[in-house]
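So this one's run.csv, CSV, C-alpha atoms:
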```
chain,number,residue,atom,x,y,z
S,2,MET,CA,152.7,115.6,-57.4
S,3,GLU,CA,153.2,111.9,-56.8
S,4,PRO,CA,152.7,110.6,-53.3
S,5,PRO,CA,155.9,109.5,-51.5
S,6,ALA,CA,156.7,105.9,-52.0
S,7,SER,CA,156.0,103.6,-49.1
S,8,PRO,CA,159.2,102.6,-47.2
S,9,ARG,CA,160.5,99.3,-48.4
S,10,ARG,CA,160.6,96.4,-46.0
S,11,VAL,CA,164.1,95.4,-44.9
S,12,THR,CA,165.0,91.9,-46.3
S,13,ILE,CA,167.5,89.2,-45.4
S,14,VAL,CA,169.6,90.4,-48.4
S,15,ASP,CA,169.8,93.9,-46.8
S,16,VAL,CA,171.0,92.3,-43.6
S,17,ALA,CA,173.6,90.2,-45.3
S,18,ARG,CA,175.0,93.2,-47.2
S,19,HIS,CA,175.0,95.4,-44.1
S,20,ALA,CA,176.9,92.7,-42.1
S,21,ARG,CA,179.1,91.8,-45.1
S,22,VAL,CA,178.2,88.1,-44.9
S,23,SER,CA,176.2,85.7,-47.1
S,24,THR,CA,172.5,85.3,-46.9
S,25,THR,CA,173.1,81.7,-45.8
S,26,ALA,CA,175.0,83.0,-42.8
S,27,VAL,CA,172.1,85.3,-41.9
S,28,SER,CA,169.7,82.4,-42.2
S,29,LYS,CA,171.8,80.2,-39.9
S,30,VAL,CA,171.8,82.9,-37.3
S,31,LEU,CA,168.1,83.5,-37.6
S,32,ARG,CA,167.5,79.7,-37.2
S,33,ASN,CA,170.1,79.4,-34.5
S,34,ALA,CA,171.6,76.7,-36.6
S,35,TYR,CA,175.0,75.0,-36.3
S,36,GLY,CA,177.9,76.5,-38.2
S,37,ALA,CA,177.8,80.2,-37.4
S,38,SER,CA,180.7,81.4,-35.3
S,39,PRO,CA,180.1,83.7,-32.3
S,40,GLU,CA,181.7,86.6,-34.2
S,41,MET,CA,179.4,86.0,-37.2
S,42,ARG,CA,176.4,85.9,-34.9
S,43,ALA,CA,177.4,89.2,-33.3
S,44,LYS,CA,177.8,90.8,-36.7
S,45,VAL,CA,174.4,89.6,-38.0
S,46,ARG,CA,172.6,90.5,-34.8
S,47,ARG,CA,174.1,94.0,-34.9
S,48,ALA,CA,173.0,94.4,-38.5
S,49,ILE,CA,169.5,93.3,-37.6
S,50,ASP,CA,169.3,95.8,-34.8
S,51,GLU,CA,170.7,98.7,-36.9
S,52,LEU,CA,168.4,98.0,-39.8
S,53,GLY,CA,165.3,97.1,-37.8
S,54,TYR,CA,164.9,93.8,-39.7
S,55,ARG,CA,161.8,91.8,-38.9
S,56,PRO,CA,161.4,88.3,-40.5
S,57,LEU,CA,158.0,87.6,-41.9
S,58,ALA,CA,156.1,85.1,-39.8
S,59,ALA,CA,154.9,83.3,-42.9
S,60,ALA,CA,158.4,82.9,-44.1
S,61,ARG,CA,159.5,81.6,-40.8
S,62,GLY,CA,156.6,79.2,-40.9
S,63,LEU,CA,157.9,77.8,-44.2
S,64,ARG,CA,161.2,77.1,-42.5
S,65,GLY,CA,159.5,75.1,-39.8
S,66,GLN,CA,158.7,77.6,-37.0
S,67,THR,CA,156.9,80.9,-36.5
S,68,TYR,CA,158.0,81.3,-32.9
S,69,THR,CA,154.5,82.2,-31.9
S,70,ILE,CA,152.4,80.5,-29.2
S,71,GLY,CA,148.6,80.8,-29.0
S,72,VAL,CA,146.9,81.1,-25.7
S,73,MET,CA,143.1,80.6,-25.5
S,74,LEU,CA,141.4,82.1,-22.5
S,75,PRO,CA,137.7,81.3,-21.9
S,76,ASP,CA,136.7,84.7,-20.5
S,77,ILE,CA,138.9,87.7,-20.6
S,78,ARG,CA,136.8,89.4,-17.9
S,79,ASN,CA,137.8,86.9,-15.2
S,80,PRO,CA,140.6,88.5,-13.2
S,81,PHE,CA,142.3,85.1,-12.6
S,82,PHE,CA,143.2,84.3,-16.2
S,83,PRO,CA,145.7,87.2,-16.6
S,84,GLU,CA,147.7,85.6,-13.8
S,85,ILE,CA,148.0,82.5,-15.9
S,86,LEU,CA,149.0,84.6,-18.9
S,87,ASP,CA,151.7,86.4,-16.8
S,88,GLY,CA,153.2,83.0,-15.9
S,89,VAL,CA,153.2,81.9,-19.6
S,90,THR,CA,154.9,85.1,-20.8
S,91,GLY,CA,157.3,85.2,-17.9
S,92,CYS,CA,158.6,81.7,-18.8
S,93,LEU,CA,159.1,82.8,-22.4
S,94,THR,CA,161.0,86.0,-21.6
S,95,ASP,CA,164.4,84.7,-22.6
S,96,THR,CA,163.2,82.9,-25.7
S,97,ASP,CA,162.3,84.0,-29.2
S,98,TYR,CA,158.6,83.1,-28.7
S,99,GLN,CA,155.8,85.6,-28.7
S,100,VAL,CA,152.3,85.0,-27.3
S,101,LEU,CA,149.2,85.7,-29.2
S,102,LEU,CA,145.9,85.7,-27.3
S,103,GLY,CA,142.5,84.6,-28.3
S,104,PRO,CA,139.2,84.6,-26.3
S,105,GLY,CA,136.9,81.6,-26.5
S,106,CYS,CA,133.4,82.0,-24.8
S,107,GLY,CA,131.8,78.7,-25.8
S,108,VAL,CA,132.3,75.6,-27.9
S,109,LYS,CA,131.8,77.3,-31.2
S,110,GLU,CA,133.8,80.4,-30.4
S,111,GLU,CA,136.6,78.4,-28.8
S,112,ALA,CA,136.8,76.1,-31.9
S,113,GLY,CA,137.0,79.2,-34.2
S,114,VAL,CA,139.9,80.7,-32.2
S,115,ILE,CA,141.9,77.5,-32.0
S,116,GLU,CA,141.4,76.9,-35.8
S,117,ALA,CA,142.6,80.4,-36.5
S,118,MET,CA,145.7,79.8,-34.4
S,119,ILE,CA,146.5,76.6,-36.2
S,120,ASP,CA,145.9,78.2,-39.6
S,121,ARG,CA,148.4,80.9,-38.8
S,122,GLY,CA,151.1,78.3,-38.1
S,123,MET,CA,151.6,78.8,-34.4
S,124,ASP,CA,154.1,76.5,-32.9
S,125,GLY,CA,152.1,75.5,-29.9
S,126,LEU,CA,148.8,76.1,-28.0
S,127,VAL,CA,148.0,76.7,-24.3
S,128,LEU,CA,144.3,76.1,-23.9
S,129,VAL,CA,142.9,77.4,-20.6
S,130,ALA,CA,139.9,75.5,-19.3
S,131,PRO,CA,138.7,74.5,-22.8
S,132,VAL,CA,135.1,73.3,-23.2
S,133,SER,CA,135.7,71.3,-26.4
S,134,PRO,CA,135.2,67.6,-26.2
S,135,ARG,CA,138.2,65.6,-25.2
S,136,ALA,CA,138.3,63.8,-28.6
S,137,HIS,CA,138.5,67.2,-30.3
S,138,LEU,CA,141.4,68.3,-28.0
S,139,GLU,CA,143.2,65.1,-28.8
S,140,HIS,CA,142.7,65.7,-32.5
S,141,LEU,CA,144.1,69.2,-32.2
S,142,ALA,CA,147.1,67.9,-30.2
S,143,THR,CA,148.1,65.6,-33.1
S,144,ALA,CA,148.3,68.7,-35.4
S,145,VAL,CA,150.1,71.1,-33.0
S,146,PRO,CA,151.8,70.7,-29.6
S,147,THR,CA,149.2,71.4,-26.9
S,148,VAL,CA,149.0,72.0,-23.2
S,149,VAL,CA,145.6,72.0,-21.5
S,150,VAL,CA,145.2,74.1,-18.3
S,151,GLY,CA,142.5,73.5,-15.8
S,152,ARG,CA,141.0,70.2,-17.0
S,153,HIS,CA,141.7,67.1,-15.0
S,154,GLY,CA,141.4,64.4,-17.6
S,155,HIS,CA,144.6,62.7,-18.7
S,156,SER,CA,145.5,62.1,-22.3
S,157,PRO,CA,148.5,60.7,-24.1
S,158,ALA,CA,148.1,63.4,-26.8
S,159,TYR,CA,148.6,66.5,-24.6
S,160,ASP,CA,150.1,67.7,-21.3
S,161,THR,CA,148.0,69.1,-18.5
S,162,VAL,CA,148.4,71.5,-15.6
S,163,ALA,CA,145.7,71.9,-13.0
S,164,ASP,CA,145.0,72.8,-9.4
S,165,ASP,CA,143.8,70.2,-7.0
S,166,ASP,CA,140.3,71.7,-7.0
S,167,ILE,CA,138.8,69.0,-4.7
S,168,ALA,CA,141.4,69.8,-2.0
S,169,GLY,CA,140.9,73.5,-2.5
S,170,ALA,CA,137.2,73.2,-2.0
S,171,ALA,CA,137.8,71.2,1.2
S,172,LEU,CA,140.1,74.0,2.5
S,173,VAL,CA,137.2,76.4,2.2
S,174,VAL,CA,134.6,74.1,3.8
S,175,SER,CA,137.0,73.2,6.7
S,176,HIS,CA,137.8,76.9,7.3
S,177,LEU,CA,134.2,77.9,7.5
S,178,ALA,CA,133.3,74.9,9.7
S,179,ASP,CA,136.2,75.7,12.1
S,180,LEU,CA,134.7,79.2,12.4
S,181,GLY,CA,131.4,77.5,13.5
S,182,HIS,CA,129.4,77.5,10.3
S,183,ARG,CA,127.1,74.6,9.5
S,184,ARG,CA,124.8,76.1,6.8
S,185,ILE,CA,127.5,76.5,4.2
S,186,ALA,CA,126.2,76.9,0.6
S,187,HIS,CA,128.0,76.7,-2.7
S,188,ILE,CA,127.6,78.4,-6.0
S,189,GLU,CA,128.8,76.3,-8.9
S,190,HIS,CA,129.0,76.7,-12.7
S,191,HIS,CA,126.2,74.8,-14.3
S,192,GLU,CA,127.6,71.8,-16.3
S,193,THR,CA,125.7,69.4,-18.6
S,194,ASP,CA,128.3,67.6,-20.6
S,195,PRO,CA,129.2,64.3,-18.9
S,196,THR,CA,132.9,64.5,-19.7
S,197,ARG,CA,133.2,68.2,-18.6
S,198,SER,CA,131.2,67.4,-15.4
S,199,VAL,CA,134.2,65.2,-14.4
S,200,GLU,CA,137.1,67.1,-15.8
S,201,MET,CA,136.4,70.8,-15.4
S,202,PRO,CA,137.6,72.7,-12.4
S,203,ASN,CA,134.1,74.0,-11.5
S,204,ALA,CA,132.8,70.4,-11.4
S,205,GLN,CA,135.7,69.3,-9.2
S,206,ARG,CA,135.2,72.2,-6.8
S,207,ALA,CA,131.5,71.3,-6.4
S,208,ASP,CA,132.4,67.7,-5.9
S,209,GLY,CA,135.0,68.7,-3.3
S,210,TYR,CA,132.5,70.8,-1.5
S,211,ARG,CA,130.0,67.9,-1.2
S,212,GLN,CA,132.8,65.5,-0.1
S,213,ALA,CA,134.0,67.9,2.6
S,214,MET,CA,130.5,68.6,3.9
S,215,ARG,CA,129.8,64.8,4.2
S,216,ALA,CA,133.2,64.3,5.9
S,217,LEU,CA,132.3,66.9,8.5
S,218,GLY,CA,128.9,65.4,9.1
S,219,LEU,CA,127.1,68.2,7.4
S,220,GLU,CA,125.5,66.3,4.6
S,221,ALA,CA,122.0,67.5,5.5
S,222,GLU,CA,123.2,71.1,5.1
S,223,ILE,CA,124.5,70.7,1.5
S,224,ASP,CA,123.1,73.5,-0.6
S,225,VAL,CA,124.3,74.0,-4.2
S,226,VAL,CA,123.0,76.7,-6.6
S,227,SER,CA,124.0,76.2,-10.3
S,228,THR,CA,124.5,79.4,-12.2
S,229,ARG,CA,127.7,80.6,-14.1
S,230,TYR,CA,131.2,81.5,-13.3
S,231,THR,CA,130.6,85.2,-13.8
S,232,GLN,CA,129.8,88.2,-11.6
S,233,ARG,CA,126.2,88.0,-12.8
S,234,GLY,CA,126.1,84.3,-12.0
S,235,GLY,CA,127.3,85.0,-8.5
S,236,TYR,CA,124.7,87.7,-8.0
S,237,GLU,CA,121.9,85.5,-9.2
S,238,GLY,CA,123.0,82.6,-7.1
S,239,ALA,CA,123.2,84.7,-4.0
S,240,LYS,CA,119.7,86.1,-4.6
S,241,GLN,CA,118.4,82.6,-4.6
S,242,LEU,CA,120.3,81.7,-1.4
S,243,LEU,CA,119.1,84.8,0.4
S,244,THR,CA,115.5,83.9,-0.2
S,245,ARG,CA,115.8,80.5,1.4
S,246,PRO,CA,113.4,80.1,4.5
S,247,THR,CA,116.6,79.4,6.4
S,248,ARG,CA,119.4,81.2,4.6
S,249,PRO,CA,123.0,80.0,4.8
S,250,THR,CA,125.4,81.6,7.2
S,251,ALA,CA,128.3,81.2,4.7
S,252,VAL,CA,128.7,81.1,0.9
S,253,PHE,CA,131.5,79.4,-0.9
S,254,ALA,CA,131.6,81.0,-4.4
S,255,GLY,CA,133.4,78.7,-6.9
S,256,ALA,CA,135.5,81.6,-8.2
S,257,ASP,CA,136.5,85.1,-7.1
S,258,ILE,CA,134.5,86.6,-9.9
S,259,VAL,CA,131.4,84.8,-8.6
S,260,ALA,CA,132.2,86.1,-5.1
S,261,MET,CA,132.0,89.6,-6.6
S,262,GLY,CA,128.4,89.1,-7.5
S,263,VAL,CA,127.7,87.5,-4.1
S,264,LEU,CA,129.0,90.6,-2.3
S,265,GLU,CA,126.9,92.8,-4.5
S,266,ALA,CA,123.7,90.8,-3.8
S,267,VAL,CA,124.4,90.7,0.0
S,268,ALA,CA,124.9,94.5,0.1
S,269,GLU,CA,121.8,95.1,-2.0
S,270,ALA,CA,119.8,93.0,0.6
S,271,GLY,CA,121.0,95.3,3.4
S,272,LEU,CA,123.1,92.6,5.0
S,273,SER,CA,126.8,92.8,6.0
S,274,VAL,CA,129.8,90.6,5.3
S,275,PRO,CA,130.9,88.9,7.5
S,276,GLY,CA,128.5,90.1,10.2
S,277,ASP,CA,125.4,88.5,8.6
S,278,ILE,CA,127.0,86.1,6.1
S,279,SER,CA,130.5,85.0,5.4
S,280,VAL,CA,131.8,84.8,1.8
S,281,ALA,CA,134.7,82.9,0.4
S,282,GLY,CA,136.0,82.7,-3.2
S,283,TYR,CA,138.5,80.7,-5.2
S,284,ASP,CA,141.6,81.9,-7.2
S,285,ASN,CA,143.0,84.6,-4.9
S,286,THR,CA,143.0,87.2,-7.6
S,287,ALA,CA,144.3,90.8,-7.1
S,288,PHE,CA,140.6,91.8,-6.5
S,289,ALA,CA,140.5,89.5,-3.5
S,290,ALA,CA,143.5,91.2,-1.9
S,291,LEU,CA,142.2,94.7,-2.2
S,292,GLY,CA,141.9,96.3,1.2
S,293,PRO,CA,138.2,97.3,1.0
S,294,ILE,CA,137.3,93.8,-0.3
S,295,SER,CA,139.6,91.5,1.7
S,296,LEU,CA,138.1,88.3,0.3
S,297,THR,CA,138.9,85.0,1.8
S,298,SER,CA,140.0,82.9,-1.2
S,299,VAL,CA,141.9,79.8,-2.3
S,300,ASP,CA,145.2,80.5,-3.9
S,301,GLN,CA,145.9,78.1,-6.8
S,302,ALA,CA,149.0,79.9,-7.9
S,303,GLY,CA,147.9,81.1,-11.3
S,304,HIS,CA,151.4,82.4,-12.2
S,305,GLU,CA,152.9,79.0,-11.4
S,306,ILE,CA,150.2,77.3,-13.5
S,307,GLY,CA,151.1,79.5,-16.5
S,308,ARG,CA,154.8,79.0,-16.0
S,309,ASN,CA,154.5,75.2,-15.9
S,310,ALA,CA,152.2,75.2,-19.0
S,311,ALA,CA,154.8,77.2,-21.0
S,312,ARG,CA,157.6,75.0,-19.9
S,313,LEU,CA,155.7,71.8,-20.8
S,314,LEU,CA,154.8,73.3,-24.2
S,315,LEU,CA,158.4,74.2,-25.0
S,316,GLU,CA,159.4,70.6,-24.1
S,317,ARG,CA,156.6,69.3,-26.3
S,318,ILE,CA,157.6,71.5,-29.2
S,319,ALA,CA,161.2,70.2,-28.9
S,320,ASP,CA,160.1,66.5,-28.6
S,321,ARG,CA,156.7,65.7,-30.1
S,322,GLY,CA,157.1,62.0,-29.1
S,323,LYS,CA,157.7,62.4,-25.4
S,324,PRO,CA,155.2,60.9,-22.9
S,325,SER,CA,152.5,63.2,-21.8
S,326,VAL,CA,152.9,64.9,-18.4
S,327,GLN,CA,150.2,65.8,-15.9
S,328,ILE,CA,151.0,68.4,-13.2
S,329,LYS,CA,148.6,69.0,-10.3
S,330,LEU,CA,149.4,71.9,-7.9
S,331,SER,CA,148.4,72.0,-4.2
S,332,PRO,CA,146.3,75.0,-3.3
S,333,THR,CA,146.4,77.1,-0.1
S,334,LEU,CA,143.8,79.1,1.7
S,335,VAL,CA,144.2,82.8,2.3
S,336,ALA,CA,141.8,83.9,5.1
S,337,ARG,CA,140.8,87.5,5.0
S,338,ARG,CA,138.0,89.7,6.5
S,339,THR,CA,135.0,88.3,4.6
S,340,THR,CA,134.8,85.2,6.8
S,341,ALA,CA,134.2,85.1,10.5
S,342,ALA,CA,132.1,83.2,13.1
S,343,PRO,CA,128.4,83.0,12.2
S,344,PRO,CA,126.0,85.5,13.9
S,345,PRO,CA,124.5,84.3,17.2
S,346,VAL,CA,121.2,82.5,16.9
```
For this file, produce the structure as structure tokens.
Amino acid sequence: MEPPASPRRVTIVDVARHARVSTTAVSKVLRNAYGASPEMRAKVRRAIDELGYRPLAAARGLRGQTYTIGVMLPDIRNPFFPEILDGVTGCLTDTDYQVLLGPGCGVKEEAGVIEAMIDRGMDGLVLVAPVSPRAHLEHLATAVPTVVVGRHGHSPAYDTVADDDIAGAALVVSHLADLGHRRIAHIEHHETDPTRSVEMPNAQRADGYRQAMRALGLEAEIDVVSTRYTQRGGYEGAKQLLTRPTRPTAVFAGADIVAMGVLEAVAEAGLSVPGDISVAGYDNTAFAALGPISLTSVDQAGHEIGRNAARLLLERIADRGKPSVQIKLSPTLVARRTTAAPPPV
């Protein structure tokens, strides 16, 4: 007995026959091209729905567009990045575009993901906190419309969306100082590349911390531990701070995921938050707002960042020659229960 034949894929010819129009008419509707009447569009769309027609992405690419957008995230474990993704997908809801996601966890991995996206003919890229050299990013942007999220360097080749990380760090330091803290420490993400040490959000936050401490006359209390923007990095950084001869009374973690590790280390040491030490994060993720956690954090409006990135990318796809745009959003501080006045001396 012969196995049953695989179901045949519905083609544009099938759609044309079902709608009783020409294949040219179907093509015009699919491309949203001029020359198709509202009645014809309705007939074709109805036939597409009834037959379940799905155009091949490769074929659409040959016609100029695949209606796919690649989003590269540096770390899918960081709870802040899905908020950016929500903003991107929300902006594209009423369009024909679909988002395809790729994780990049280093220069080599990031380059592989981006190259795969370009090879598959994606119409545009949203790169979140990319670590690639700026020259490489500019080269990519000449091949495909690109928006860079989180990096502060300006380029004529691509658009950027970023939070004012220096201002955000100042909000944290000012909040803690107003509560009475002087020994305020910071856990940063270790950075060695000279360009990234200027452009990356982690570097900007560390710089903002130092500037704010100096402005408040607390330069002698500056204490920075360099680890990684991960939960493990926050844990290791806090362990270092807690072994200081005079430990800090407050810790500004450079990201909420870092603060998660700080809270773990503080609890392991038998100390309480905020009774013994205050902790503040950055990103205002859903984790920060959880009742049992109630983490003080900087809200950099991840959804708004993603929405702006998608909007700029659609504009860049429509007009490759337009001047580049740089958007910088103003952060706000959300004070919760992990920060309070320092313990009495």
Residues near Val299 of chain S, cut-off 8 Å, only C-alpha atoms, skip fewer than 6 positions along chain, as a list of chain:residue names: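 My list of contacting residues is S:Gly169, S:Leu172, S:Val173, S:Gly282, S:Tyr283, S:Asp284, S:Asn285, S:Pro332, S:Thr333, S:Leu334, S:Val335.
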Atomic separation - atom CA of Ile278 of chain S relative to atom CA of Pro344 of chain S, Å: 7.9 Å
Residues within 9 Å of segment 211-213 of chain S, only C-alpha atoms, excluding chain neighbours under 6 positions, as a list in words: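 Within the cut-off, the hits are Ile167, Ala168, Ala170, Ala171, Leu172, Val174, Ser175, Leu219, Glu220, Ile223, Asp224 and Val225 of chain S.
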How would the residues just chosen look if you wrote them out with C-alpha atoms as a PDB file, keeping the file's coordinate frame?
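Saved result, selection-v3.pdb, follows:
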```pdb
ATOM      1  CA  ILE S 167     138.800  69.000  -4.700  1.00  0.00           C
ATOM      2  CA  ALA S 168     141.400  69.800  -2.000  1.00  0.00           C
ATOM      3  CA  ALA S 170     137.200  73.200  -2.000  1.00  0.00           C
ATOM      4  CA  ALA S 171     137.800  71.200   1.200  1.00  0.00           C
ATOM      5  CA  LEU S 172     140.100  74.000   2.500  1.00  0.00           C
ATOM      6  CA  VAL S 174     134.600  74.100   3.800  1.00  0.00           C
ATOM      7  CA  SER S 175     137.000  73.200   6.700  1.00  0.00           C
ATOM      8  CA  LEU S 219     127.100  68.200   7.400  1.00  0.00           C
ATOM      9  CA  GLU S 220     125.500  66.300   4.600  1.00  0.00           C
ATOM     10  CA  ILE S 223     124.500  70.700   1.500  1.00  0.00           C
ATOM     11  CA  ASP S 224     123.100  73.500  -0.600  1.00  0.00           C
ATOM     12  CA  VAL S 225     124.300  74.000  -4.200  1.00  0.00           C
TER      13      VAL S 225
END
```
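Minimum distance to Ala20 of chain S across S:Leu141, S:Arg42, S:Arg233, S:Leu330 (counting only C-alpha atoms) occurs at S:Arg42.
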Spatial neighbours of Asp97 of chain S, max dist 10 Å, all atoms listed in the file, sep filter under 4 positions, as a ChimeraX atom specification: /S:67-69,93
Skip Val150 of chain S itself and residues of its chain fewer than 4 positions away, then list as a list of chain:residue names all residues within 7 Å of it, counting all atoms listed in the file.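 Surrounding residues, per the criterion: S:Leu128, S:Val129, S:Ala130, S:Thr161, S:Val162, S:Ala163.
One distance worth recording is that between atom CA of Pro249 of chain S and atom CA of Ala186 of chain S, which is 6.1 Å.
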Could you check which of S:Ala290, S:Leu242, S:Ala319, S:Ile188 is closest to Ala260 of chain S, using all atoms listed in the file?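 Using all atoms listed in the file, the shortest distance to Ala260 of chain S belongs to S:Ile188.
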Residue nearest Ile185 of chain S among S:Asn309, S:Tyr210, S:Ala26, S:Ile318 (counting only C-alpha atoms):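 Checking each candidate against Ile185 of chain S, we get S:Tyr210 as the closest.
Closest approach to Met261 of chain S among S:Phe82, S:Tyr230, S:His19, S:Thr25 is made by S:Tyr230 (distances from all atoms listed in the file).
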Selected residue of minimal separation from Thr339 of chain S among S:Ala287, S:Ile49, S:Leu126, S:Leu177, counting only C-alpha atoms: S:Leu177
Counting all atoms listed in the file, closest pick from S:Gly122, S:Gly276, S:Gly235, S:Thr247 relative to Gly262 of chain S is S:Gly235
